[in-house]
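Everything on this sheet refers to the single structure shown next.
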Amino acid sequence: MDSGGWSRRRFVGALAGGAAAAALPACDNAPAPATTPAPEPEAGTSASREARRPSGPRPLYLGTYTSVEGGGKGIGLATYDAATGRITGSGTITGVGDPSYLALHPDRRTLYAVDERDDGAVTAVRLADRKVLGSRGTGGAAPCHLSVHPGGRWLLSANYGSGSVAVHPIDASGALGERTDLVRHTGPPPGPGQEGPHAHQFVTSPDGGHVLAVDLGTDTVYTYRLDDKAGTLTEVAQAQTRPGAGPRHLTFHPGGRYAYLANEVDNTVAVCSYDPASGRVEVGEAQSTGTGSGTNYPAQILVTADGRHAFLANRGHNSLTRYAVEADGARLRLLGTVPVGGDFPRQIAFSPEGTLLFAANQKSSTVTVFHVDGADGGLRRAGEAFPSPVAVCALPL
């Protein structure tokens with residue numbers, strides 16, 4: 001569970017990582033895999049089934065922790081077969097510390113990673129030659145999530161340890177400039193069992209008019225306006241979950257009026273309404289994850305590009321919950337759970353076509369892949385799990 005302090009994020013599952021330490025070759029000079037023009041703005045976003053299915057290997061980037069026993073050496077490099085889901089390791093981008101979450105620039109030329117350390121930072125990597133373009137401090141501890149604003153000019157990051165969100169400018173080369181804003185969540189007070197705020201996600205609304213921060217420690221979703229010229233934030237709304245929910249991850253329905261919130265601490269999900277004009281979010285009633293009475297910490301929730309199904313990663317129950325999305329996004333109907341085939345699925349992501357789902361399993365140091373049935377949202381395992389040291393993020397392109 002991540003709610004008891006940021007250091008627990010790094011060390012949970014570290015001992016399990018040793019078995020996979022050699023899964024990816026310890027080199028950074030493998031040829032860069034080719035990419036296609038289809039956009040993929042950040043790890044785990046909804047994917048387009050209309051995108052042309054590629055015929056050759058596709059790039060896959062893997063996040064890990066480098067400062068734990070059995071962890072990785074940097075950002076893992078791999079490719080995957082879009083038809084079979086088979087993953088093949090190809091190397092490592094070194095020089096990036098604790099890259100636990102990854103995101104791609106809309107022009108697909110630059111990869112960004114958090115450096116989830118006490119003195120937090122974000123790092124830019126040019127994909128053409130895998131050159132590290134440098135790092136910038138986030139102004140907080142343990143950044144755990146980042147995303148690129150749709151215009152490509154701003155990088156948004158969330159500092160879990162200090163409960164703050166940061167903005168960095170992105171120049172024409174993809175490199176990062178000095179931070180333009182930093183906002184700490186000082187209210188409302190921390191929720192039950194929390195010692196302070198814990199910002200867990202920072203994303204842009206589908207309409208592009210607002211940016212939203214999910215804070216586990218304060219049980220709140222904050223809405224900001226981003227000044228696109230100055231890179232500064234103005235808070236416009238707050239939405240509280242029920243006390244002790246511990247919200248972790250929010251994803252929007254393609255229609256843009258509803259979103260789905262994964263609550264880590266109380267093992268629930270909630271449907272939220274979103275008003276594009278005001279930026280206000282209203283959190284609906286807590287719903288079951290279908291995992292029973294055992295210990296479980298929901299991690300990430302995804303929605304298919306057609307808006308018909310949603311999937312939730314369950315750490316503890318080690319499963320993926322399937323939901324049918326109904327009433328134009330206003331309702332989730334529980335369909336059941338599928339074993340994830342690994343231990344502690346920290347993050348999940350679709351392939352660009354939406355035909356594959358990748359799960360990064362932290363404690364088992366593996367990545368599992370599933371075929372996604374577009375008709376009924378069914379999940380079918382795509383071969384054996386791929387070993388990857390302390391796998392906490394998978395970004396398929």
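By order in the structure tokens, chains are A, B, ...; within a chain, residues start at 1; ligands start at 1, following the order shown.
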Item to complete: Write out as a PyMOL selection string the residues lying within 6 Å of Tyr323 in chain A, counting only C-alpha atoms and excluding same-chain residues fewer than 2 positions away.
Response: chain A and resi 309-310+332-335
Same residues, N, CA and C atoms, output as an mmCIF file, in the first residue's frame:
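As a result, out21.cif now contains:
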data_model
loop_
_atom_site.group_PDB
_atom_site.id
_atom_site.type_symbol
_atom_site.label_atom_id
_atom_site.label_comp_id
_atom_site.auth_asym_id
_atom_site.auth_seq_id
_atom_site.Cartn_x
_atom_site.Cartn_y
_atom_site.Cartn_z
ATOM 1 N N HIS A 309 -15.937 -0.170 -22.239
ATOM 2 C CA HIS A 309 -15.427 -1.004 -21.148
ATOM 3 C C HIS A 309 -14.329 -0.270 -20.380
ATOM 4 N N ALA A 310 -14.193 -0.646 -19.112
ATOM 5 C CA ALA A 310 -13.139 -0.112 -18.258
ATOM 6 C C ALA A 310 -12.451 -1.272 -17.548
ATOM 7 N N LEU A 332 -20.970 2.481 -14.306
ATOM 8 C CA LEU A 332 -20.108 1.311 -14.424
ATOM 9 C C LEU A 332 -20.866 0.085 -13.919
ATOM 10 N N ARG A 333 -20.807 -0.981 -14.698
ATOM 11 C CA ARG A 333 -21.420 -2.238 -14.262
ATOM 12 C C ARG A 333 -20.338 -3.304 -14.162
ATOM 13 N N LEU A 334 -20.189 -3.865 -12.965
ATOM 14 C CA LEU A 334 -19.147 -4.854 -12.698
ATOM 15 C C LEU A 334 -19.406 -6.134 -13.489
ATOM 16 N N LEU A 335 -18.377 -6.567 -14.244
ATOM 17 C CA LEU A 335 -18.482 -7.805 -15.011
ATOM 18 C C LEU A 335 -17.732 -8.962 -14.362
#
Item to complete: From the DSSP assignment of the backbone, select every residue of range 122-282 of chain A that is strand (DSSP E), and format the answer as an NGL selection string.
Response: :A and (122-126 or 131-137 or 143-148 or 154-159 or 164-169 or 181-184 or 199-204 or 211-215 or 220-226 or 233-240 or 247-252 or 258-263 or 268-274 or 281-282)
Item to complete: Extract, using only C-alpha atoms, all DNA, RNA and protein residues at most 7 Å from Phe386 in chain A, discarding same-chain residues fewer than 6 positions from it, and format them as a list of chain:residue names.
Response: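 Once the adjacent positions are removed, what remains is A:Ile87, A:Thr366, A:Val367, A:Thr368.
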How would the residues just chosen look if you wrote them out with all heavy atoms as a PDB file, in the first residue's frame?
ATOM      1  N   ILE A  87       6.873 -10.004 -25.982  1.00  0.00           N
ATOM      2  CA  ILE A  87       7.836  -8.951 -25.662  1.00  0.00           C
ATOM      3  C   ILE A  87       9.253  -9.494 -25.789  1.00  0.00           C
ATOM      4  O   ILE A  87       9.551 -10.610 -25.359  1.00  0.00           O
ATOM      5  CB  ILE A  87       7.611  -8.410 -24.234  1.00  0.00           C
ATOM      6  CG1 ILE A  87       6.207  -7.808 -24.106  1.00  0.00           C
ATOM      7  CG2 ILE A  87       8.665  -7.371 -23.879  1.00  0.00           C
ATOM      8  CD1 ILE A  87       5.861  -7.398 -22.678  1.00  0.00           C
ATOM      9  N   THR A 366       7.551  -8.615 -13.401  1.00  0.00           N
ATOM     10  CA  THR A 366       7.113  -9.127 -14.696  1.00  0.00           C
ATOM     11  C   THR A 366       6.170  -8.145 -15.366  1.00  0.00           C
ATOM     12  O   THR A 366       5.560  -7.291 -14.710  1.00  0.00           O
ATOM     13  CB  THR A 366       6.369 -10.471 -14.559  1.00  0.00           C
ATOM     14  OG1 THR A 366       5.246 -10.299 -13.669  1.00  0.00           O
ATOM     15  CG2 THR A 366       7.281 -11.572 -14.044  1.00  0.00           C
ATOM     16  N   VAL A 367       6.047  -8.296 -16.679  1.00  0.00           N
ATOM     17  CA  VAL A 367       5.020  -7.607 -17.448  1.00  0.00           C
ATOM     18  C   VAL A 367       4.169  -8.666 -18.114  1.00  0.00           C
ATOM     19  O   VAL A 367       4.687  -9.545 -18.810  1.00  0.00           O
ATOM     20  CB  VAL A 367       5.622  -6.672 -18.515  1.00  0.00           C
ATOM     21  CG1 VAL A 367       4.517  -6.015 -19.340  1.00  0.00           C
ATOM     22  CG2 VAL A 367       6.500  -5.613 -17.864  1.00  0.00           C
ATOM     23  N   THR A 368       2.868  -8.631 -17.881  1.00  0.00           N
ATOM     24  CA  THR A 368       1.949  -9.561 -18.540  1.00  0.00           C
ATOM     25  C   THR A 368       1.136  -8.807 -19.579  1.00  0.00           C
ATOM     26  O   THR A 368       0.880  -7.612 -19.442  1.00  0.00           O
ATOM     27  CB  THR A 368       1.015 -10.252 -17.530  1.00  0.00           C
ATOM     28  OG1 THR A 368       0.461  -9.281 -16.627  1.00  0.00           O
ATOM     29  CG2 THR A 368       1.777 -11.290 -16.725  1.00  0.00           C
TER      30      THR A 368
END
Worksheet entry | Shell around Leu226 in chain A at 10 Å using only C-alpha atoms, local window under 4 positions removed, as a VMD selection string | chain A and resid 149 154 167 181 204 208 to 211 230 to 235
Worksheet item: Within 10 Å of Asn267 in chain A, counting only C-alpha atoms, which residues qualify if same-chain residues fewer than 2 places away don't, as a list in words?
Response: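 Those residues are Ala245, Gly246, Pro247, Ala262, Asn263, Glu264, Val265, Val269, Ala286, Gln287, Ser288, Thr289, Gly290, Thr291, Gly292, Ser293, Gly294, Thr295, Asn296, Tyr297, Pro298, Ala299, Asn314 and Arg315 of chain A.
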Worksheet item: Could you work out how far CA of His249 in chain A lies from CA of Val340 in chain A, giving the answer in Å with one decimal?
Response: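 Taking CA of Val340 in chain A and CA of His249 in chain A, their separation equals 18.7 Å.
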Worksheet item: From the list A:Pro57, A:Gly341, A:Gly284, A:Gly193, which residue is nearest Leu397 in chain A when using only C-alpha atoms?
Response: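 Among the listed residues, the smallest separation from Leu397 in chain A belongs to A:Pro57.
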Worksheet item: Can you tell me, as a PyMOL selection string, what residues are no more than 10 Å from range 374-377 of chain A when counting only C-alpha atoms, ignoring any on the same chain fewer than 2 positions away?
Response: chain A and resi 49+304-306+308-311+322-324+335+354-355+371-372+379-380
Deliver the residues from the most recent selection as a file, using all heavy atoms, as a compact mmCIF listing (two decimals), in the first residue's frame.
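Done, and the output landed in part22.txt:
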# COMPACT_ATOMS: atom_id res chain seq x y z
N ARG A 49 -8.69 2.09 -31.61
CA ARG A 49 -8.73 0.85 -32.37
C ARG A 49 -8.69 1.10 -33.88
O ARG A 49 -8.45 0.18 -34.65
CB ARG A 49 -9.99 0.07 -32.02
CG ARG A 49 -9.95 -0.50 -30.62
CD ARG A 49 -11.17 -1.35 -30.35
NE ARG A 49 -11.05 -1.94 -29.04
CZ ARG A 49 -10.39 -3.05 -28.78
NH1 ARG A 49 -9.78 -3.67 -29.75
NH2 ARG A 49 -10.32 -3.54 -27.57
N THR A 304 -11.63 1.98 -22.59
CA THR A 304 -11.39 1.76 -24.01
C THR A 304 -11.79 2.99 -24.82
O THR A 304 -12.61 3.79 -24.40
CB THR A 304 -12.18 0.53 -24.52
OG1 THR A 304 -13.57 0.72 -24.22
CG2 THR A 304 -11.68 -0.74 -23.85
N ALA A 305 -11.19 3.12 -26.01
CA ALA A 305 -11.41 4.30 -26.83
C ALA A 305 -12.87 4.44 -27.28
O ALA A 305 -13.35 5.55 -27.50
CB ALA A 305 -10.50 4.28 -28.05
N ASP A 306 -13.58 3.32 -27.39
CA ASP A 306 -14.99 3.40 -27.77
C ASP A 306 -15.89 3.66 -26.57
O ASP A 306 -17.11 3.80 -26.72
CB ASP A 306 -15.44 2.13 -28.50
CG ASP A 306 -15.30 0.86 -27.67
OD1 ASP A 306 -15.05 0.95 -26.44
OD2 ASP A 306 -15.43 -0.23 -28.24
N ARG A 308 -16.77 1.73 -24.10
CA ARG A 308 -17.69 0.65 -23.73
C ARG A 308 -17.23 -0.16 -22.53
O ARG A 308 -18.05 -0.81 -21.88
CB ARG A 308 -17.89 -0.27 -24.93
CG ARG A 308 -18.56 0.39 -26.12
CD ARG A 308 -18.62 -0.54 -27.30
NE ARG A 308 -19.36 -1.78 -26.98
CZ ARG A 308 -19.39 -2.84 -27.76
NH1 ARG A 308 -18.74 -2.84 -28.92
NH2 ARG A 308 -20.09 -3.91 -27.41
N HIS A 309 -15.94 -0.17 -22.24
CA HIS A 309 -15.43 -1.00 -21.15
C HIS A 309 -14.33 -0.27 -20.38
O HIS A 309 -13.65 0.59 -20.93
CB HIS A 309 -14.89 -2.34 -21.68
CG HIS A 309 -15.93 -3.19 -22.32
ND1 HIS A 309 -16.16 -3.18 -23.68
CD2 HIS A 309 -16.83 -4.06 -21.78
CE1 HIS A 309 -17.14 -4.01 -23.95
NE2 HIS A 309 -17.57 -4.55 -22.82
N ALA A 310 -14.19 -0.65 -19.11
CA ALA A 310 -13.14 -0.11 -18.26
C ALA A 310 -12.45 -1.27 -17.55
O ALA A 310 -13.07 -2.31 -17.28
CB ALA A 310 -13.71 0.87 -17.24
N PHE A 311 -11.16 -1.06 -17.24
CA PHE A 311 -10.36 -2.10 -16.58
C PHE A 311 -9.61 -1.48 -15.41
O PHE A 311 -9.07 -0.38 -15.52
CB PHE A 311 -9.36 -2.71 -17.57
CG PHE A 311 -10.00 -3.30 -18.79
CD1 PHE A 311 -10.10 -2.56 -19.95
CD2 PHE A 311 -10.54 -4.58 -18.76
CE1 PHE A 311 -10.70 -3.09 -21.09
CE2 PHE A 311 -11.14 -5.11 -19.89
CZ PHE A 311 -11.23 -4.37 -21.05
N ARG A 322 -13.07 -6.05 -14.71
CA ARG A 322 -13.71 -5.63 -15.95
C ARG A 322 -15.06 -4.98 -15.63
O ARG A 322 -15.84 -5.50 -14.84
CB ARG A 322 -13.93 -6.81 -16.90
CG ARG A 322 -12.65 -7.50 -17.34
CD ARG A 322 -12.94 -8.83 -18.03
NE ARG A 322 -13.94 -8.69 -19.09
CZ ARG A 322 -15.12 -9.31 -19.11
NH1 ARG A 322 -15.47 -10.13 -18.11
NH2 ARG A 322 -15.96 -9.14 -20.12
N TYR A 323 -15.29 -3.82 -16.25
CA TYR A 323 -16.56 -3.13 -16.10
C TYR A 323 -17.15 -2.87 -17.49
O TYR A 323 -16.42 -2.57 -18.45
CB TYR A 323 -16.39 -1.77 -15.41
CG TYR A 323 -15.93 -1.81 -13.99
CD1 TYR A 323 -14.58 -1.68 -13.68
CD2 TYR A 323 -16.83 -1.96 -12.94
CE1 TYR A 323 -14.13 -1.69 -12.37
CE2 TYR A 323 -16.40 -1.97 -11.62
CZ TYR A 323 -15.05 -1.84 -11.35
OH TYR A 323 -14.61 -1.86 -10.05
N ALA A 324 -18.48 -2.94 -17.58
CA ALA A 324 -19.18 -2.40 -18.74
C ALA A 324 -19.52 -0.95 -18.43
O ALA A 324 -19.96 -0.62 -17.33
CB ALA A 324 -20.45 -3.19 -19.02
N LEU A 335 -18.38 -6.57 -14.24
CA LEU A 335 -18.48 -7.81 -15.01
C LEU A 335 -17.73 -8.96 -14.36
O LEU A 335 -18.08 -10.12 -14.59
CB LEU A 335 -17.93 -7.59 -16.43
CG LEU A 335 -18.68 -6.59 -17.32
CD1 LEU A 335 -17.96 -6.45 -18.65
CD2 LEU A 335 -20.12 -7.03 -17.52
N GLY A 354 -5.39 -0.48 -29.06
CA GLY A 354 -6.35 -0.90 -28.06
C GLY A 354 -6.60 -2.39 -28.04
O GLY A 354 -7.48 -2.86 -27.32
N THR A 355 -5.83 -3.16 -28.80
CA THR A 355 -6.04 -4.60 -28.88
C THR A 355 -5.24 -5.37 -27.84
O THR A 355 -5.48 -6.56 -27.64
CB THR A 355 -5.68 -5.11 -30.27
OG1 THR A 355 -4.33 -4.70 -30.60
CG2 THR A 355 -6.63 -4.55 -31.32
N HIS A 371 -4.77 -9.94 -24.72
CA HIS A 371 -5.57 -9.54 -25.86
C HIS A 371 -6.90 -9.00 -25.34
O HIS A 371 -7.51 -9.58 -24.44
CB HIS A 371 -5.83 -10.73 -26.78
CG HIS A 371 -4.59 -11.28 -27.43
ND1 HIS A 371 -3.97 -10.66 -28.49
CD2 HIS A 371 -3.86 -12.39 -27.14
CE1 HIS A 371 -2.92 -11.37 -28.85
NE2 HIS A 371 -2.82 -12.41 -28.05
N VAL A 372 -7.35 -7.88 -25.91
CA VAL A 372 -8.61 -7.25 -25.49
C VAL A 372 -9.66 -7.49 -26.57
O VAL A 372 -9.46 -7.13 -27.73
CB VAL A 372 -8.43 -5.74 -25.27
CG1 VAL A 372 -9.74 -5.11 -24.79
CG2 VAL A 372 -7.30 -5.47 -24.28
N LEU A 379 -10.68 -10.44 -21.69
CA LEU A 379 -9.23 -10.42 -21.65
C LEU A 379 -8.70 -11.85 -21.78
O LEU A 379 -9.17 -12.75 -21.09
CB LEU A 379 -8.73 -9.81 -20.34
CG LEU A 379 -9.09 -8.34 -20.09
CD1 LEU A 379 -8.63 -7.92 -18.70
CD2 LEU A 379 -8.48 -7.43 -21.15
N ARG A 380 -7.70 -12.03 -22.65
CA ARG A 380 -7.09 -13.34 -22.87
C ARG A 380 -5.58 -13.18 -22.82
O ARG A 380 -5.02 -12.35 -23.53
CB ARG A 380 -7.55 -13.92 -24.21
CG ARG A 380 -6.90 -15.23 -24.59
CD ARG A 380 -7.55 -15.80 -25.85
NE ARG A 380 -7.49 -14.88 -26.97
CZ ARG A 380 -6.46 -14.79 -27.82
NH1 ARG A 380 -5.39 -15.56 -27.66
NH2 ARG A 380 -6.48 -13.92 -28.83
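A straight line drawn from CA of Pro143 in chain A to CA of Leu395 in chain A is 17.6 Å long.
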